[in-house]
Structures are given as structure tokens and as C-alpha cells.
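run25.txt follows; it contains compact mmCIF, C-alpha atoms and all ligand atoms.
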```
# COMPACT_ATOMS: atom_id res chain seq x y z
CA MET O 18 120.32 72.37 169.65
CA ARG O 19 121.40 70.80 172.91
CA SER O 20 120.66 67.15 173.57
CA LEU O 21 118.80 66.04 176.71
CA PRO O 22 121.91 64.46 178.31
CA SER O 23 123.83 67.69 177.84
CA LEU O 24 120.99 69.67 179.47
CA LEU O 25 120.93 67.25 182.41
CA ARG O 26 124.68 67.54 182.66
CA ARG O 27 124.46 71.31 182.78
CA HIS O 28 121.89 71.17 185.56
CA ARG O 29 123.89 68.61 187.47
CA ASN O 30 126.92 70.88 187.32
CA ALA O 31 124.89 73.83 188.58
CA ILE O 32 123.47 71.81 191.47
CA VAL O 33 126.87 70.45 192.44
CA ALA O 34 128.37 73.95 192.28
CA ALA O 35 125.58 75.37 194.46
CA MET O 36 126.07 72.62 197.04
CA ALA O 37 129.82 73.18 197.08
CA ALA O 38 129.26 76.93 197.60
CA LEU O 39 126.92 76.22 200.52
CA VAL O 40 129.46 73.90 202.14
CA LEU O 41 132.19 76.55 201.71
CA ALA O 42 129.93 79.29 203.10
CA ALA O 43 129.00 77.14 206.12
CA ALA O 44 132.63 76.32 206.82
CA SER O 45 133.57 79.99 206.47
CA ALA O 46 130.79 81.18 208.80
CA GLY O 47 131.82 78.68 211.45
CA GLY O 48 135.47 79.62 211.11
CA ALA O 49 136.25 75.96 210.50
CA VAL O 50 138.97 74.83 208.14
CA PRO O 51 137.94 71.60 206.42
CA THR O 52 140.42 68.96 207.45
CA LYS O 53 139.41 66.32 204.94
CA PRO O 54 138.84 67.77 201.45
CA THR O 55 136.22 65.93 199.46
CA ALA O 56 136.75 65.03 195.81
CA PRO O 57 136.37 68.21 193.75
CA ALA O 58 133.09 68.52 191.89
CA GLU O 59 133.19 68.96 188.13
CA LYS O 60 133.50 72.66 187.42
CA VAL O 61 131.46 74.61 184.89
CA PRO O 62 133.64 76.27 182.20
CA GLY O 63 133.52 80.06 182.49
CA GLN O 64 132.35 79.98 186.12
CA ALA O 65 134.49 81.37 188.94
CA TYR O 66 135.01 79.40 192.15
CA PHE O 67 136.51 81.05 195.20
CA GLY O 68 138.39 79.69 198.17
CA LEU O 69 137.58 80.64 201.76
CA ASP O 70 137.80 84.44 202.18
CA ARG O 71 137.87 84.71 198.35
CA TYR O 72 141.64 85.09 198.21
CA VAL O 73 141.97 82.48 195.47
CA GLU O 74 139.85 82.47 192.34
CA TYR O 75 139.62 79.45 190.08
CA LEU O 76 137.95 80.33 186.79
CA ALA O 77 137.13 76.95 185.29
CA GLY O 78 137.85 76.13 181.67
CA ASP O 79 137.47 73.48 178.99
CA LEU O 80 140.64 74.14 176.96
CA PRO O 81 143.95 72.37 177.69
CA ILE O 82 145.42 75.78 178.59
CA VAL O 83 145.83 76.66 182.28
CA LEU O 84 146.85 80.23 183.16
CA THR O 85 148.14 81.20 186.58
CA SER O 86 148.42 84.70 188.02
CA PRO O 87 150.28 84.58 191.34
CA HIS O 88 151.52 88.18 191.56
CA GLY O 89 148.61 90.27 190.25
CA GLY O 90 146.56 90.43 193.48
CA ARG O 91 145.72 93.68 195.28
CA MET O 92 144.02 92.58 198.54
CA ARG O 93 145.87 93.47 201.76
CA PRO O 94 143.70 92.09 204.59
CA ASP O 95 144.77 93.02 208.13
CA ALA O 96 144.15 89.40 209.13
CA ILE O 97 147.39 88.44 207.38
CA PRO O 98 150.53 90.25 208.57
CA ASN O 99 152.95 91.42 205.89
CA ARG O 100 155.68 89.06 204.80
CA LYS O 101 158.99 90.03 206.33
CA GLU O 102 161.36 88.66 203.71
CA GLY O 103 161.57 88.23 199.95
CA VAL O 104 160.11 90.24 197.08
CA LYS O 105 156.88 92.00 198.03
CA ASP O 106 156.14 94.08 194.92
CA MET O 107 153.20 93.01 192.77
CA ASP O 108 153.37 92.43 189.01
CA VAL O 109 151.09 95.31 187.96
CA ASN O 110 148.19 94.43 185.65
CA THR O 111 149.24 90.82 185.12
CA GLN O 112 145.90 89.49 186.33
CA GLU O 113 144.15 91.86 183.91
CA LEU O 114 146.50 90.60 181.19
CA ALA O 115 145.59 86.98 181.98
CA ARG O 116 141.89 87.83 181.69
CA ALA O 117 142.50 89.56 178.35
CA ILE O 118 144.15 86.37 177.06
CA ILE O 119 141.21 84.30 178.30
CA GLU O 120 138.75 86.61 176.53
CA GLU O 121 140.74 86.40 173.30
CA LEU O 122 140.91 82.60 173.53
CA HIS O 123 137.16 82.54 174.04
CA ALA O 124 136.56 84.83 171.07
CA ARG O 125 138.68 82.59 168.83
CA SER O 126 137.65 79.16 170.05
CA GLY O 127 134.34 79.51 171.85
CA ARG O 128 136.02 77.82 174.80
CA ARG O 129 137.69 78.85 178.03
CA ALA O 130 141.17 78.52 179.41
CA HIS O 131 141.45 77.78 183.12
CA LEU O 132 142.67 80.62 185.33
CA ILE O 133 143.98 80.40 188.88
CA ALA O 134 144.51 83.87 190.35
CA SER O 135 145.69 85.00 193.76
CA HIS O 136 143.81 88.08 194.90
CA LEU O 137 146.21 88.60 197.81
CA HIS O 138 148.88 91.22 197.35
CA ARG O 139 152.37 89.77 197.19
CA SER O 140 153.20 91.46 200.50
CA LYS O 141 150.75 88.96 202.08
CA LEU O 142 151.47 85.82 200.06
CA ASP O 143 153.77 84.81 197.23
CA PRO O 144 152.26 81.65 195.70
CA ASN O 145 155.28 81.32 193.39
CA ARG O 146 157.50 80.17 196.28
CA GLU O 147 157.61 77.07 198.45
CA ILE O 148 155.27 77.47 201.40
CA LYS O 149 157.87 78.62 203.93
CA GLU O 150 158.98 81.69 202.00
CA ALA O 151 155.51 82.09 200.46
CA ALA O 152 153.51 82.41 203.68
CA GLN O 153 156.22 82.92 206.32
CA GLY O 154 154.35 80.99 208.99
CA GLN O 155 151.01 82.82 208.71
CA VAL O 156 148.15 80.31 208.98
CA LEU O 157 145.71 82.14 206.67
CA ALA O 158 148.42 82.68 204.08
CA GLU O 159 149.38 79.01 204.28
CA ARG O 160 145.76 77.97 203.77
CA THR O 161 145.53 80.27 200.74
CA TRP O 162 148.78 78.82 199.34
CA HIS O 163 147.29 75.33 199.58
CA GLU O 164 144.07 76.48 197.87
CA PHE O 165 146.07 78.07 195.05
CA HIS O 166 148.17 75.00 194.32
CA ALA O 167 145.27 72.56 194.77
CA SER O 168 143.33 74.58 192.18
CA ILE O 169 146.25 74.35 189.74
CA ARG O 170 146.40 70.58 190.21
CA GLU O 171 142.64 70.34 189.69
CA ALA O 172 142.74 72.43 186.51
CA LEU O 173 145.66 70.47 185.07
CA ALA O 174 143.98 67.15 185.89
CA ALA O 175 140.74 68.32 184.24
CA ALA O 176 142.67 69.40 181.13
CA VAL O 177 144.59 66.11 180.91
CA ALA O 178 141.37 64.10 181.41
CA ARG O 179 139.65 65.99 178.61
CA HIS O 180 142.48 66.50 176.12
CA GLY O 181 145.27 64.09 177.03
CA PHE O 182 147.62 66.96 177.84
CA ALA O 183 147.75 70.31 179.62
CA PHE O 184 149.71 73.46 178.88
CA LEU O 185 150.44 75.72 181.86
CA ILE O 186 151.28 79.41 181.43
CA ASP O 187 152.41 81.25 184.54
CA LEU O 188 152.09 84.97 183.83
CA HIS O 189 154.33 87.64 185.36
CA GLY O 190 155.73 91.13 184.88
CA HIS O 191 159.39 92.14 185.01
CA ALA O 192 161.16 95.49 185.22
CA HIS O 193 164.42 94.47 183.54
CA PRO O 194 166.18 97.01 181.29
CA ILE O 195 165.58 95.16 178.01
CA ALA O 196 162.00 95.27 176.71
CA ARG O 197 161.69 91.61 175.77
CA ILE O 198 159.49 88.90 177.18
CA GLU O 199 161.42 86.26 179.10
CA LEU O 200 160.27 82.71 178.49
CA GLY O 201 161.01 80.56 181.53
CA TYR O 202 161.25 76.84 180.83
CA ALA O 203 162.94 76.10 184.18
CA LEU O 204 166.29 76.59 182.45
CA GLU O 205 168.78 79.06 183.90
CA ALA O 206 170.59 81.69 181.83
CA LYS O 207 173.91 79.85 182.07
CA GLN O 208 172.25 76.70 180.74
CA LEU O 209 170.69 78.63 177.84
CA ASN O 210 173.97 80.42 177.17
CA GLN O 211 175.42 77.16 175.86
CA SER O 212 175.63 76.50 172.11
CA ASP O 213 172.81 74.46 170.57
CA ALA O 214 175.08 71.42 170.29
CA ALA O 215 176.21 71.65 173.91
CA PHE O 216 172.65 72.19 175.11
CA ASP O 217 171.37 69.21 173.11
CA ALA O 218 174.12 67.01 174.55
CA SER O 219 173.47 68.18 178.13
CA GLY O 220 170.18 66.35 178.64
CA LEU O 221 168.82 69.46 180.41
CA MET O 222 165.62 69.42 178.37
CA ALA O 223 164.41 66.46 180.47
CA LEU O 224 164.30 68.81 183.48
CA SER O 225 162.55 71.61 181.61
CA THR O 226 158.87 72.51 181.34
CA LEU O 227 158.83 71.16 177.78
CA SER O 228 160.15 67.75 178.84
CA ASP O 229 157.05 65.84 177.75
CA LEU O 230 156.97 67.53 174.36
CA HIS O 231 160.63 66.78 173.72
CA ALA O 232 160.30 63.18 174.89
CA ARG O 233 157.46 62.76 172.41
CA VAL O 234 158.82 64.52 169.32
CA GLY O 235 162.57 64.07 169.84
CA GLY O 236 165.13 65.95 167.74
CA SER O 237 167.17 68.96 168.79
CA ALA O 238 166.07 70.28 172.18
CA ALA O 239 167.60 73.69 171.39
CA THR O 240 165.55 73.95 168.19
CA LEU O 241 162.35 73.13 170.06
CA LEU O 242 163.23 75.78 172.62
CA ARG O 243 164.55 78.65 170.47
CA GLY O 244 164.56 77.61 166.81
CA PRO O 245 162.01 78.13 164.03
CA GLY O 246 158.51 77.43 165.30
CA SER O 247 159.48 77.84 168.96
CA LEU O 248 157.23 80.02 171.10
CA GLY O 249 159.98 82.66 171.16
CA ASP O 250 159.97 82.63 167.35
CA LEU O 251 156.17 82.87 167.18
CA PHE O 252 156.20 85.90 169.49
CA SER O 253 159.17 87.71 167.94
CA THR O 254 157.90 87.36 164.37
CA ARG O 255 154.69 89.05 165.60
CA GLY O 256 156.53 92.05 166.99
CA ILE O 257 157.14 90.97 170.59
CA ARG O 258 160.86 90.55 171.25
CA ALA O 259 161.44 87.32 173.19
CA VAL O 260 164.26 85.36 174.80
CA PRO O 261 165.00 82.56 174.02
CA SER O 262 164.11 82.88 170.31
CA PRO O 263 166.03 82.68 167.01
CA LYS O 264 166.91 86.40 167.30
CA ASP O 265 167.68 86.29 171.04
CA PRO O 266 168.75 82.68 171.60
CA GLN O 267 170.61 83.32 174.84
CA PRO O 268 169.97 85.69 177.79
CA GLY O 269 173.70 86.42 177.98
CA ASP O 270 174.69 88.43 181.04
CA HIS O 271 171.39 90.29 181.21
CA PRO O 272 168.91 89.67 184.03
CA PHE O 273 166.66 86.75 183.14
CA PHE O 274 163.83 84.95 184.93
CA ALA O 275 164.25 81.23 184.30
CA GLY O 276 160.89 80.05 185.60
CA GLY O 277 159.94 79.74 189.26
CA TYR O 278 158.26 77.45 191.74
CA ILE O 279 154.89 77.16 189.96
CA VAL O 280 156.16 75.98 186.59
CA ARG O 281 158.86 73.79 188.14
CA VAL O 282 156.43 71.99 190.46
CA HIS O 283 153.44 71.74 188.14
CA ALA O 284 155.03 71.53 184.67
CA GLY O 285 158.63 70.47 185.29
CA GLY O 286 160.42 67.29 184.27
CA ASP O 287 158.40 65.17 186.69
CA THR O 288 154.85 65.97 185.54
CA PRO O 289 153.49 63.53 182.95
CA LYS O 290 151.37 65.09 180.18
CA VAL O 291 151.88 68.62 181.50
CA ASP O 292 154.11 71.15 179.71
CA GLY O 293 154.20 74.92 179.87
CA LEU O 294 156.33 77.90 180.73
CA GLN O 295 156.60 81.10 182.71
CA ILE O 296 156.06 84.27 180.66
CA GLU O 297 157.63 87.42 182.12
CA THR O 298 156.25 90.49 180.38
CA TYR O 299 157.66 93.99 180.24
CA ARG O 300 155.24 96.78 181.08
CA ALA O 301 155.09 99.59 178.49
CA GLY O 302 153.39 98.30 175.37
CA ILE O 303 152.13 95.04 176.87
CA ARG O 304 150.33 95.52 180.18
CA ASP O 305 150.13 99.30 180.75
CA THR O 306 146.82 99.93 178.97
CA ALA O 307 143.70 97.91 178.14
CA GLU O 308 144.45 98.43 174.45
CA ASN O 309 147.99 97.07 174.78
CA ARG O 310 146.81 94.15 176.87
CA ALA O 311 144.27 93.28 174.17
CA ARG O 312 147.01 93.49 171.51
CA PHE O 313 149.35 91.23 173.48
CA ALA O 314 146.45 88.82 174.08
CA ARG O 315 145.84 88.62 170.31
CA ILE O 316 149.51 87.92 169.63
CA THR O 317 149.70 85.36 172.44
CA VAL O 318 146.65 83.50 171.15
CA GLU O 319 148.02 83.54 167.57
CA ALA O 320 151.34 82.13 168.83
CA LEU O 321 149.58 79.49 170.94
CA THR O 322 147.31 78.53 168.06
CA VAL O 323 150.31 77.70 165.87
CA PHE O 324 152.36 76.13 168.65
CA LEU O 325 149.59 73.85 169.94
CA ARG O 326 148.65 72.82 166.40
CA GLU O 327 152.22 72.06 165.29
CA ARG O 328 153.50 70.50 168.51
CA TYR O 329 150.44 68.95 170.15
CA GLY O 330 148.05 68.41 167.24
CA PHE O 331 145.50 70.54 169.08
CA GLU O 332 143.31 72.86 166.99
CA LEU O 333 142.24 75.92 168.99
CA ALA O 334 140.02 77.35 166.24
CA ALA O 335 138.23 74.03 165.58
CA ALA O 336 135.82 74.57 168.43
CA THR O 337 134.28 77.57 166.67
CA ARG O 338 133.90 75.79 163.36
CA ALA O 339 132.31 72.74 164.96
CA LYS O 340 129.45 74.78 166.45
ZN ZN O 401 156.04 87.74 189.24
```
What do you get writing this file as C-alpha cells?
Ligand SMILES: [Zn+2]
Amino acid sequence: MRSLPSLLRRHRNAIVAAMAALVLAAASAGGAVPTKPTAPAEKVPGQAYFGLDRYVEYLAGDLPIVLTSPHGGRMRPDAIPNRKEGVKDMDVNTQELARAIIEELHARSGRRAHLIASHLHRSKLDPNREIKEAAQGQVLAERTWHEFHASIREALAAAVARHGFAFLIDLHGHAHPIARIELGYALEAKQLNQSDAAFDASGLMALSTLSDLHARVGGSAATLLRGPGSLGDLFSTRGIRAVPSPKDPQPGDHPFFAGGYIVRVHAGGDTPKVDGLQIETYRAGIRDTAENRARFARITVEALTVFLRERYGFELAAATRAK
């Protein structure tokens, strides 16, 4: 049974959300761009909040996990001219994959991960680039870029306030020849191609997206990254080949996505209490069908359950048992 304070809190959230929606609608109708953003209202877990023109969706959560989907959007509004340079292909079904992971997390824990999704097609905006390449001077695209990154900051801050840490997963799709997921910790292939001893001595882990974890637990950085109990290990032992992992410790000369703008800015070496990674998925078997997306979501949640328990002392399943 819910206590009176929790009921009041629920109503307060609903009222605040309704007021925020009205303010957004009024600003949208008038064509005005708010110049002075007010402090963000507390979001209701499981509820979606949209930016102006609904190009950015922020699905609020109450877990320390924040998912981002920058390349899964399909909207191509005429109001935003196509980008002239850079990669313009979308990562097919990655937004659907992110939602499958959120549903699986909810089924296991009774709680929600945060999701920030761009609904714009990558030909209009690439939120995983700095603003110049991302929006290429288009005002509406620039505004959407700011909404996207402000929502990430808000979600991470909410997670840190609630749990003391946040774990960011930026979800993508690759078309590289080898069917393995590529785990991007903001470490380039040539850095990962070093031996464990050389990598440990390099100090590179302090610049990676697991910098906070390593600073806290110490020990071999290479082991944390690709040894037993690493995320790569937890995926590969569940049937999803991954690099880096004990079986594929180094990308070698093969194409490899090291982690882009989003994870470097929001979870890099300079972001206290925020860790994470970029996950680049192959298509056939992971994101091509609803069934495969659900399977990958189960494996991802199993891997995260172990990783967050062992490395962060966070129990994903505890929420269900506590109810
Ligand atoms: Zn991508």
C-alpha cells in the first residue's frame, strides 16, 4: 500500500509535468525558443517527455542506467535541410533495441532505465558529433542537439542523485565484416592492441569511460576492461561475441568503433560518478527481428546485472523482491 506522502509526491509530479507540457506547447505555438531554461522539474519514471517539435524524446527512469539512441531516428522534416557532410545513414532498429532493453530491465527489476532518443534521421542531425558537424549550421538541428544533450545531463544527474552513480550506454549499429559487438570505452584500437602490461602502465584508463570505476577499485585496468568479469566476458560467455573480451582482447587491424562524442563528453575521464560505454551491435541475430532484439535484451540485462552487482554493488533484481 502506498503511503500518503508517496501519493502526494505522485500527484505533484503529474501537476509539474502538466505545467511543463503547457509551457512547452505555448512556446511552440508562438514559435518562440526559450532563452532562459528553468530548472528541470522532477520527471516521472516511465513517462516520456518531448522537446519542441518532438524530435527528442526523454523517457524518464529511476535506475542508474541511462540509454541513448542517437542514430535510430526516422523523421525527415523539410524544415531541416539535409546535412551535407559526414555519415548520414541511420543505425537500423537501434531505437527499437534500446526499448527492448528497457522493457527487459523493467520486467526484471520493476524499475525503468532512462532513455534519450533522437527521432530525427541522421541525415538531419547526428547527435553523436560536436554541434558543428552534428547540425551543420541549421538552427532547428542545433536546438535539437542542445535538447538531446541537456536531456542526457538531466538523466545522469537524476541517476547520480538517486544512486550515487550513473551508467551510460550509447547504443549503435555497425556493418563491419566481423559479427561481434564492439565495446567503446573511448579507447582506440591501437591503444587496445597493446599487451595488458603495456596498457596498465600507459595510464590510458583514466581517460576511458570506466575511469571512475578503475579509480575506485584499482588493480589491472586491462583486466577490468577485457578480463574475467568484464562486460565483454559477460556478453561472450552468453553467446554474443564481443571485443574487447577475454576471447577477443584486441581489435587488431579490423574496423573498430572506439566510442564517440556522447560517451566521451558524458562518461569520459572528466565526469565524476558517471561511467559507461558505447555498444556497437551487428545486425543479423541482434537487431533484425523483434525476437532477436528481445534475446539480445535478455543477454544485455543478464550481463548488466552481474556487472553492476560485482563492480558497483548495485542489485538490479532487488527492486522486485522489495515490493
Ligand atoms: Zn551509430
Shell of 12 Å around ligand ZN 401 (chain O) (all atoms listed in the file), written as number ranges by chain: O: 85-90, 104-112, 135, 138-139, 142-146, 187-192, 199, 201, 274-279, 295-299
Residues of segment 265-305 of chain O that have any atom at most 10 Å from an atom of segment 170-176 of chain O: could you tabulate them with the shortest-distance atom pair and the distance in Å to one decimal, using only C-alpha atoms, ordered by chain and increasing number, as CSV?
```
residue,atom,partner,partner_atom,distance
O:His283,CA,O:Arg170,CA,7.4
O:Ala284,CA,O:Leu173,CA,9.4
O:Lys290,CA,O:Leu173,CA,9.2
O:Val291,CA,O:Leu173,CA,7.4
```
Nearest to Ala117 of chain O among O:Arg312, O:Pro268, O:Arg160, O:Arg258, with distances taken over all atoms listed in the file: which residue is it?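 Among the listed residues, O:Arg312 lies closest to Ala117 of chain O.
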Using only C-alpha atoms, the best pick from O:Phe273, O:Gly236, O:Leu122, O:Asp95 as closest to Lys207 of chain O would be O:Phe273
All file atoms of segment 313-320 of chain O boxed axis-aligned, 6 Å per side, centre plus edges, as JSON:
```
{"center_x": 148.6, "center_y": 86.7, "center_z": 170.8, "size_x": 17.5, "size_y": 21.1, "size_z": 18.5}
```
Atom CA of Ser168 of chain O and atom CA of Met92 of chain O, how far apart in Å?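 Going from atom CA of Met92 of chain O over to atom CA of Ser168 of chain O covers 19.1 Å.
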Nearest to Ala196 of chain O: which of O:Ala96, O:Leu69, O:Val323, O:Ala259 is it, counting all atoms listed in the file? O:Ala259
Within-7 Å shell of (152.1, 76.0, 201.8) in input frame, all atoms listed in the file, as a PyMOL selection string: chain O and resi 147-149+152+159-160+162-163
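Among the candidates O:Val73, O:Ala238, O:Leu209, O:Ala183, the one nearest to Glu164 of chain O when counting all atoms listed in the file is O:Val73.
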